[in-house]
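Novice: Below you'll find coords22.txt; it's compact mmCIF, C-alpha atoms.
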# COMPACT_ATOMS: atom_id res chain seq x y z
CA MET C 1 33.37 -36.11 18.39
CA SER C 2 35.07 -32.73 18.73
CA ALA C 3 33.60 -29.66 17.07
CA PRO C 4 34.85 -28.95 13.54
CA LYS C 5 37.01 -25.92 12.88
CA VAL C 6 34.80 -24.69 10.03
CA SER C 7 31.08 -24.78 9.26
CA VAL C 8 30.14 -24.42 5.59
CA ILE C 9 26.56 -23.12 5.38
CA ILE C 10 24.66 -23.58 2.12
CA PRO C 11 21.14 -22.12 1.79
CA MET C 12 19.25 -24.08 -0.84
CA TYR C 13 16.15 -23.61 -2.95
CA ASN C 14 15.36 -25.51 -6.17
CA ALA C 15 19.00 -26.16 -6.92
CA GLU C 16 18.78 -29.68 -8.31
CA LYS C 17 20.92 -28.67 -11.32
CA PHE C 18 23.72 -27.18 -9.26
CA ILE C 19 23.84 -28.46 -5.67
CA ARG C 20 25.79 -31.61 -6.54
CA GLN C 21 28.58 -29.59 -8.13
CA CYS C 22 28.57 -27.25 -5.15
CA LEU C 23 28.92 -30.09 -2.64
CA ILE C 24 31.58 -31.88 -4.67
CA SER C 25 33.66 -28.71 -4.58
CA VAL C 26 33.52 -28.86 -0.78
CA LEU C 27 34.47 -32.54 -0.84
CA ALA C 28 37.51 -31.59 -2.92
CA SER C 29 38.78 -29.26 -0.20
CA LYS C 30 42.31 -29.98 0.99
CA PHE C 31 41.25 -28.77 4.45
CA THR C 32 39.02 -31.48 5.90
CA ASP C 33 38.13 -30.37 9.45
CA TYR C 34 34.72 -29.01 8.49
CA GLU C 35 31.00 -29.69 8.61
CA VAL C 36 28.49 -28.84 5.90
CA ILE C 37 25.08 -27.49 6.82
CA VAL C 38 22.56 -27.42 4.00
CA VAL C 39 19.35 -25.55 4.79
CA ASP C 40 16.55 -26.28 2.34
CA ASP C 41 14.02 -23.48 1.92
CA CYS C 42 11.11 -25.77 0.96
CA SER C 43 12.38 -26.73 -2.48
CA THR C 44 9.80 -28.09 -4.91
CA ASP C 45 12.29 -30.04 -7.01
CA SER C 46 14.70 -32.88 -6.18
CA SER C 47 17.32 -30.72 -4.46
CA VAL C 48 17.11 -32.56 -1.13
CA ALA C 49 17.38 -35.94 -2.86
CA GLU C 50 20.51 -34.74 -4.66
CA VAL C 51 22.07 -33.76 -1.33
CA GLU C 52 21.15 -37.07 0.27
CA LYS C 53 22.86 -38.97 -2.55
CA LEU C 54 26.18 -37.43 -1.51
CA SER C 55 25.65 -37.66 2.24
CA GLU C 56 27.65 -40.86 2.75
CA HIS C 57 30.74 -39.31 1.17
CA PHE C 58 30.90 -36.73 3.97
CA ASN C 59 31.23 -39.37 6.71
CA GLY C 60 28.75 -37.71 9.04
CA ARG C 61 29.94 -34.18 8.34
CA LEU C 62 26.85 -33.25 6.30
CA LYS C 63 23.65 -32.06 7.99
CA ILE C 64 20.38 -31.14 6.29
CA PHE C 65 17.83 -28.80 7.83
CA SER C 66 14.65 -27.26 6.44
CA THR C 67 12.69 -24.09 6.96
CA GLN C 68 9.05 -24.46 7.95
CA THR C 69 7.82 -22.35 5.04
CA ASN C 70 9.55 -20.89 2.00
CA SER C 71 11.14 -17.60 3.02
CA GLY C 72 11.68 -16.25 -0.46
CA GLY C 73 15.31 -15.42 0.18
CA ALA C 74 18.60 -16.79 1.49
CA GLY C 75 18.69 -14.85 4.77
CA ILE C 76 16.46 -17.04 6.92
CA PRO C 77 18.08 -20.30 5.74
CA ARG C 78 21.47 -18.79 6.56
CA ASN C 79 20.19 -17.91 10.05
CA VAL C 80 19.13 -21.53 10.52
CA GLY C 81 22.62 -22.55 9.48
CA ILE C 82 24.23 -20.18 11.99
CA LYS C 83 21.98 -21.58 14.73
CA HIS C 84 23.05 -25.16 14.07
CA ALA C 85 26.72 -24.51 13.27
CA SER C 86 29.39 -25.70 15.69
CA GLY C 87 32.57 -24.63 13.88
CA LYS C 88 34.93 -21.99 15.21
CA TYR C 89 34.45 -20.21 11.88
CA LEU C 90 31.57 -20.03 9.42
CA THR C 91 31.49 -19.46 5.69
CA PHE C 92 28.54 -19.21 3.33
CA VAL C 93 28.39 -20.78 -0.12
CA ASP C 94 25.50 -20.16 -2.50
CA ASN C 95 23.82 -23.36 -3.71
CA ASP C 96 24.88 -22.79 -7.32
CA ASP C 97 28.45 -21.66 -6.53
CA MET C 98 31.60 -23.60 -5.73
CA ILE C 99 34.69 -23.14 -3.59
CA LEU C 100 38.29 -23.69 -4.59
CA PRO C 101 40.27 -26.59 -3.05
CA ASN C 102 42.51 -24.28 -0.99
CA ALA C 103 39.75 -21.92 0.14
CA LEU C 104 38.90 -23.34 3.58
CA GLY C 105 42.52 -23.90 4.55
CA ASP C 106 43.64 -20.47 3.36
CA PHE C 107 40.75 -18.80 5.16
CA PHE C 108 41.36 -20.73 8.37
CA ASP C 109 45.10 -20.08 8.45
CA ALA C 110 44.63 -16.36 7.83
CA ALA C 111 41.88 -16.07 10.45
CA GLU C 112 43.98 -17.85 13.07
CA LYS C 113 47.15 -15.86 12.35
CA PHE C 114 45.41 -12.49 12.65
CA GLN C 115 42.72 -13.50 15.17
CA ALA C 116 40.22 -12.15 12.67
CA ASP C 117 36.54 -11.65 13.32
CA VAL C 118 35.92 -11.46 9.57
CA VAL C 119 38.13 -12.50 6.65
CA HIS C 120 37.21 -10.80 3.38
CA THR C 121 38.65 -11.90 0.06
CA VAL C 122 39.01 -9.42 -2.78
CA LYS C 123 39.02 -11.92 -5.64
CA ALA C 124 36.88 -14.70 -7.06
CA PHE C 125 36.33 -16.62 -10.25
CA VAL C 126 33.07 -16.34 -12.12
CA PHE C 127 31.14 -18.56 -14.49
CA TYR C 128 28.74 -16.89 -16.89
CA ASP C 129 25.90 -19.34 -17.41
CA ALA C 130 24.09 -18.80 -20.72
CA ASN C 131 20.85 -20.69 -20.09
CA GLY C 132 22.78 -23.67 -18.80
CA LYS C 133 24.41 -24.34 -22.17
CA THR C 134 27.78 -22.61 -22.22
CA PHE C 135 30.21 -21.41 -19.61
CA SER C 136 33.17 -19.10 -19.76
CA ARG C 137 35.67 -18.45 -17.02
CA ALA C 138 37.05 -15.06 -16.09
CA ASP C 139 38.70 -13.39 -13.13
CA LEU C 140 36.38 -11.30 -11.00
CA GLN C 141 38.08 -8.49 -9.09
CA LEU C 142 35.78 -7.66 -6.23
CA GLN C 143 35.56 -4.10 -5.01
CA SER C 144 38.66 -3.48 -2.91
CA ASP C 145 40.39 -0.81 -0.91
CA SER C 146 41.84 2.04 -2.97
CA SER C 147 45.09 1.64 -1.07
CA ASP C 148 45.46 -1.90 -2.41
CA ASP C 149 48.96 -1.95 -3.89
CA GLY C 150 48.74 -5.46 -5.26
CA SER C 151 50.28 -6.96 -2.15
CA GLN C 152 50.07 -10.73 -1.97
CA THR C 153 49.85 -10.77 1.82
CA PRO C 154 46.79 -10.47 4.08
CA ARG C 155 46.30 -7.16 5.85
CA LEU C 156 44.08 -5.90 8.63
CA GLU C 157 41.72 -3.07 7.86
CA THR C 158 41.99 0.13 9.86
CA SER C 159 40.15 0.17 13.17
CA ASN C 160 39.10 3.75 12.38
CA LEU C 161 35.37 3.37 11.81
CA ARG C 162 35.07 6.73 10.07
CA LYS C 163 37.60 5.55 7.48
CA ARG C 164 35.79 2.23 7.09
CA MET C 165 32.50 4.05 6.50
CA THR C 166 34.08 6.46 4.03
CA ASP C 167 35.37 3.48 2.07
CA TYR C 168 32.04 1.69 2.38
CA VAL C 169 29.96 4.45 0.83
CA ALA C 170 32.63 4.69 -1.89
CA GLU C 171 31.83 1.03 -2.63
CA LYS C 172 35.26 -0.27 -1.68
CA TYR C 173 33.78 -3.28 0.13
CA PHE C 174 31.68 -5.87 -1.66
CA TRP C 175 28.61 -6.71 0.39
CA LEU C 176 27.80 -10.30 -0.45
CA PRO C 177 28.20 -12.85 2.37
CA TRP C 178 30.08 -15.42 0.29
CA GLY C 179 33.81 -14.89 -0.12
CA LYS C 180 34.08 -14.25 3.59
CA PHE C 181 34.94 -16.16 6.77
CA TYR C 182 33.28 -15.30 10.09
CA ARG C 183 34.30 -16.19 13.63
CA ARG C 184 31.16 -17.81 15.04
CA ASP C 185 31.53 -16.33 18.52
CA PHE C 186 31.80 -12.86 16.96
CA LEU C 187 28.41 -13.37 15.31
CA LEU C 188 26.82 -14.81 18.42
CA GLU C 189 28.22 -12.24 20.84
CA ASN C 190 26.94 -9.40 18.67
CA LYS C 191 23.66 -11.16 17.82
CA LEU C 192 24.42 -10.80 14.14
CA ASP C 193 22.07 -12.52 11.74
CA PHE C 194 20.29 -11.78 8.48
CA PRO C 195 17.20 -9.55 8.66
CA GLN C 196 13.94 -11.11 7.51
CA THR C 197 13.69 -9.29 4.21
CA LYS C 198 13.60 -10.77 0.71
CA PHE C 199 16.06 -8.26 -0.69
CA SER C 200 19.39 -6.82 0.50
CA GLU C 201 19.50 -8.87 3.70
CA ASP C 202 23.07 -9.77 2.74
CA MET C 203 24.05 -6.10 2.36
CA VAL C 204 22.70 -5.21 5.82
CA PHE C 205 24.40 -8.22 7.41
CA CYS C 206 27.79 -7.47 5.87
CA PHE C 207 27.51 -3.80 6.84
CA LYS C 208 26.90 -4.73 10.47
CA CYS C 209 29.90 -7.06 10.42
CA LEU C 210 32.11 -4.28 9.05
CA CYS C 211 30.95 -1.92 11.80
CA LEU C 212 31.44 -4.35 14.68
CA ALA C 213 34.49 -6.41 13.72
CA LYS C 214 37.57 -5.50 15.73
CA ASN C 215 39.90 -7.39 13.39
CA TYR C 216 38.65 -7.19 9.80
CA LEU C 217 41.09 -8.92 7.48
CA ARG C 218 41.48 -8.61 3.71
CA VAL C 219 43.17 -11.46 1.88
CA PRO C 220 44.43 -11.47 -1.73
CA PHE C 221 43.47 -15.00 -2.73
CA ALA C 222 40.37 -16.18 -4.57
CA ALA C 223 38.16 -18.60 -2.66
CA ASN C 224 34.90 -18.87 -4.58
CA ILE C 225 33.67 -19.69 -8.06
CA HIS C 226 30.58 -17.56 -8.49
CA ARG C 227 27.94 -18.53 -11.05
CA ILE C 228 26.04 -15.79 -12.84
CA ARG C 229 22.75 -17.14 -14.19
CA ASN C 230 20.32 -15.53 -16.58
CA ASP C 231 17.43 -16.96 -14.57
CA SER C 232 18.69 -15.67 -11.22
CA ALA C 233 16.07 -14.07 -8.99
CA SER C 234 18.25 -10.96 -8.76
CA LYS C 235 17.86 -10.50 -12.51
CA HIS C 236 14.09 -10.26 -12.36
CA ALA C 237 12.62 -6.82 -12.92
CA ILE C 238 11.32 -4.92 -9.89
CA ASP C 239 8.84 -2.08 -10.38
CA ALA C 240 9.44 1.44 -9.10
CA GLN C 241 7.06 1.17 -6.13
CA ALA C 242 8.64 -2.08 -5.00
CA LEU C 243 12.09 -0.49 -5.21
CA THR C 244 10.90 2.43 -3.11
CA ASP C 245 9.49 0.05 -0.50
CA ILE C 246 12.75 -1.91 -0.42
CA ALA C 247 14.77 1.30 -0.10
CA ALA C 248 12.64 2.42 2.84
CA LYS C 249 12.78 -0.97 4.58
CA VAL C 250 16.53 -1.39 4.19
CA THR C 251 17.21 2.19 5.28
CA ASP C 252 15.02 1.71 8.35
CA LEU C 253 17.01 -1.40 9.31
CA VAL C 254 20.30 0.46 9.00
CA ASP C 255 18.90 3.47 10.84
CA GLU C 256 17.82 1.26 13.74
CA PHE C 257 21.24 -0.41 13.89
CA THR C 258 23.33 2.76 13.68
CA GLY C 259 21.09 4.41 16.27
CA LYS C 260 22.39 1.94 18.86
CA LEU C 261 26.12 2.58 18.28
CA ASP C 262 27.92 5.40 20.06
CA PHE C 263 30.12 6.09 17.05
CA PHE C 264 27.17 7.00 14.82
CA LEU C 265 25.43 8.97 17.57
CA LYS C 266 28.61 11.03 18.03
CA ASN C 267 29.17 11.33 14.27
CA PRO C 268 25.77 12.17 12.76
CA ASP C 269 27.41 13.24 9.49
CA VAL C 270 28.71 9.71 8.94
CA ARG C 271 25.37 8.22 9.88
CA ARG C 272 23.62 10.53 7.43
CA ASP C 273 26.00 9.56 4.63
CA VAL C 274 25.52 5.85 5.31
CA LEU C 275 21.72 6.13 5.37
CA ARG C 276 21.73 8.15 2.16
CA PHE C 277 23.96 5.54 0.55
CA PHE C 278 21.62 2.68 1.47
CA PHE C 279 18.55 4.55 0.27
CA ASP C 280 20.12 5.70 -2.99
CA LYS C 281 21.47 2.20 -3.66
CA HIS C 282 17.93 0.83 -3.63
CA SER C 283 16.07 3.67 -5.31
CA VAL C 284 15.12 4.08 -8.94
As structure tokens - that is how I would like this structure written.
Specialist:
Amino acid sequence: MSAPKVSVIIPMYNAEKFIRQCLISVLASKFTDYEVIVVDDCSTDSSVAEVEKLSEHFNGRLKIFSTQTNSGGAGIPRNVGIKHASGKYLTFVDNDDMILPNALGDFFDAAEKFQADVVHTVKAFVFYDANGKTFSRADLQLQSDSSDDGSQTPRLETSNLRKRMTDYVAEKYFWLPWGKFYRRDFLLENKLDFPQTKFSEDMVFCFKCLCLAKNYLRVPFAANIHRIRNDSASKHAIDAQALTDIAAKVTDLVDEFTGKLDFFLKNPDVRRDVLRFFFDKHSV
């Protein structure tokens, strides 16, 4: 069997209420040359059983892996998914989110046309989940380039890294890993994976991708349906000391990464601004 064109990686933890809907959205994709890799992070509910119930509908395109111990975050499960993926491109879907029927095909076509390392959508749909009882649907405009003129065509970002970094610290890139498409060889060649932290591993990963991608493509279409839950781990309160520790850890990771790139060594002002941005973003 030849390798699929796309690997859909879904990190999973205690998602028995949502994982079925997530997987069905993938099954509804008009683009069918894909594999699905679900990585269970030691769930304590029936999440794995829910995935197994749908396995036969994927005709061998669904694989389930597990972490050895619960990691407490989505980064390590995503790394397991990257390790086992065989698609030319990868995309991440949260276990309580969904993708639109055209998403994989639109992503793939855009990536192929522009030979993109990363494809970055600027739009999504969002469900607001009020304790699992009611849902409302609204457009979610993700942070986008200030030069966005409403064009309905994909466009490559500037290769000028100073400009990219200026836009980044101005929060003109959203830093979640979903809503993006990644060329697998780009990730492997640059040894890009998620750091082993419980918080902001997605922000560090996406920042590295932005720095290293030769062809970074923005597309105007929505690909994901993002669920906002009141019981989400990200909604839980974090005390001041914990925030300070997170700020220090994340800043250290970015400092280590930027310290290995000639651009940042030759442009210490940009490096300083980026480090300050990461620290301030995680401070009280």
Novice: Quick one: residues within 8 Å of Glu50 (chain C), all atoms listed in the file counted, chain neighbours fewer than 5 positions away excluded, as a list in words?
Specialist: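 The filter keeps Glu16, Ile19 and Arg20 of chain C.
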Novice: Taking all atoms listed in the file into account, name the residue in C:Ser43, C:Thr197, C:Ser66, C:Ser7 that is nearest to Leu90 (chain C).
Specialist: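 That would be C:Ser7, the residue with the smallest distance to Leu90 (chain C).
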Novice: Do a neighbour search on Ala111 (chain C) at 12 Å with all atoms listed in the file, toss out local chain neighbours closer than 2 positions, and write the hits as a ChimeraX atom specification.
Specialist: /C:5-6,88-91,104-109,113-121,154-156,180-184,215-219
Novice: How many Å lie between CA of Lys53 (chain C) and CA of Ile24 (chain C), rounded to one decimal?
Specialist: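 Rounded to one decimal, the two atoms are 11.4 Å apart.
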Novice: If I take CA of Ile64 (chain C) and CA of Ala85 (chain C), how far is one from the other in Å, to one decimal?
Specialist: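 Computing the Euclidean distance for CA of Ile64 (chain C) and CA of Ala85 (chain C) yields 11.5 Å.
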Novice: So, counting all atoms listed in the file, which residue among C:Ser159, C:Pro177, C:Thr251, C:Phe263 is closest to Ala213 (chain C)?
Specialist: C:Ser159
Novice: Measuring atom to atom with all atoms listed in the file, identify which of C:Ala3, C:Leu253, C:Val26, C:Val169 is nearest to Phe58 (chain C).
Specialist: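 With all atoms listed in the file as the atom set, the closest residue is C:Val26.
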Novice: Can you measure CA of Leu54 (chain C) to CA of Ala223 (chain C) for me? One decimal in Å is fine.
Specialist: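 CA of Ala223 (chain C) lies at a distance of 22.3 Å from CA of Leu54 (chain C).
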Novice: C:Phe194, C:Met12, C:Ile99, C:Gln21: which is nearest Thr67 (chain C), counting all atoms listed in the file?
Specialist: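 Going through C:Phe194, C:Met12, C:Ile99, C:Gln21 one by one, the smallest distance to Thr67 (chain C) is for C:Met12.
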Novice: Using all atoms listed in the file, find the one residue out of C:Val250, C:Leu187, C:Leu265, C:Val122 that sits nearest to Tyr173 (chain C).
Specialist: C:Val122
Novice: Skip Arg276 (chain C) itself and residues of its chain fewer than 2 positions away, then list as a CSV table (one decimal) with C-alpha atoms, in the coordinates of the input all residues within 12 Å of it, counting only C-alpha atoms.
Specialist:
chain,number,residue,atom,x,y,z
C,169,VAL,CA,30.0,4.4,0.8
C,247,ALA,CA,14.8,1.3,-0.1
C,248,ALA,CA,12.6,2.4,2.8
C,250,VAL,CA,16.5,-1.4,4.2
C,251,THR,CA,17.2,2.2,5.3
C,252,ASP,CA,15.0,1.7,8.4
C,254,VAL,CA,20.3,0.5,9.0
C,255,ASP,CA,18.9,3.5,10.8
C,269,ASP,CA,27.4,13.2,9.5
C,270,VAL,CA,28.7,9.7,8.9
C,271,ARG,CA,25.4,8.2,9.9
C,272,ARG,CA,23.6,10.5,7.4
C,273,ASP,CA,26.0,9.6,4.6
C,274,VAL,CA,25.5,5.8,5.3
C,278,PHE,CA,21.6,2.7,1.5
C,279,PHE,CA,18.6,4.6,0.3
C,280,ASP,CA,20.1,5.7,-3.0
C,281,LYS,CA,21.5,2.2,-3.7
C,282,HIS,CA,17.9,0.8,-3.6
C,283,SER,CA,16.1,3.7,-5.3
Novice: Determine, counting all atoms listed in the file, which protein, DNA and RNA residues have an atom within 8 Å of an atom of region 78-81 of chain C; residues of the same chain fewer than 3 positions away are not included. Present the result as a list in words.
Specialist: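 Neighbouring residues, sequence-local ones excluded: Ile9, Ile10, Pro11, Ile37, Val38, Val39, Phe65, Thr67, Ala74, Gly75, His84, Ala85, Phe92, Asp193 and Phe194 of chain C.
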Novice: When distances are computed from all atoms listed in the file, which of C:Asp97, C:Asp167, C:Glu35, C:Glu256 shows the smallest separation from Arg61 (chain C)?
Specialist: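 Of C:Asp97, C:Asp167, C:Glu35, C:Glu256, the one nearest Arg61 (chain C), counting all atoms listed in the file, is C:Glu35.
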Novice: Can you tell me, as a list in words, what residues are no more than 9 Å from Asp45 (chain C) when counting only C-alpha atoms, ignoring any on the same chain fewer than 2 positions away?
Specialist: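 After dropping sequence-adjacent residues, the list is Tyr13, Asn14, Ala15, Glu16, Ser43, Ser47, Val48 and Ala49 of chain C.
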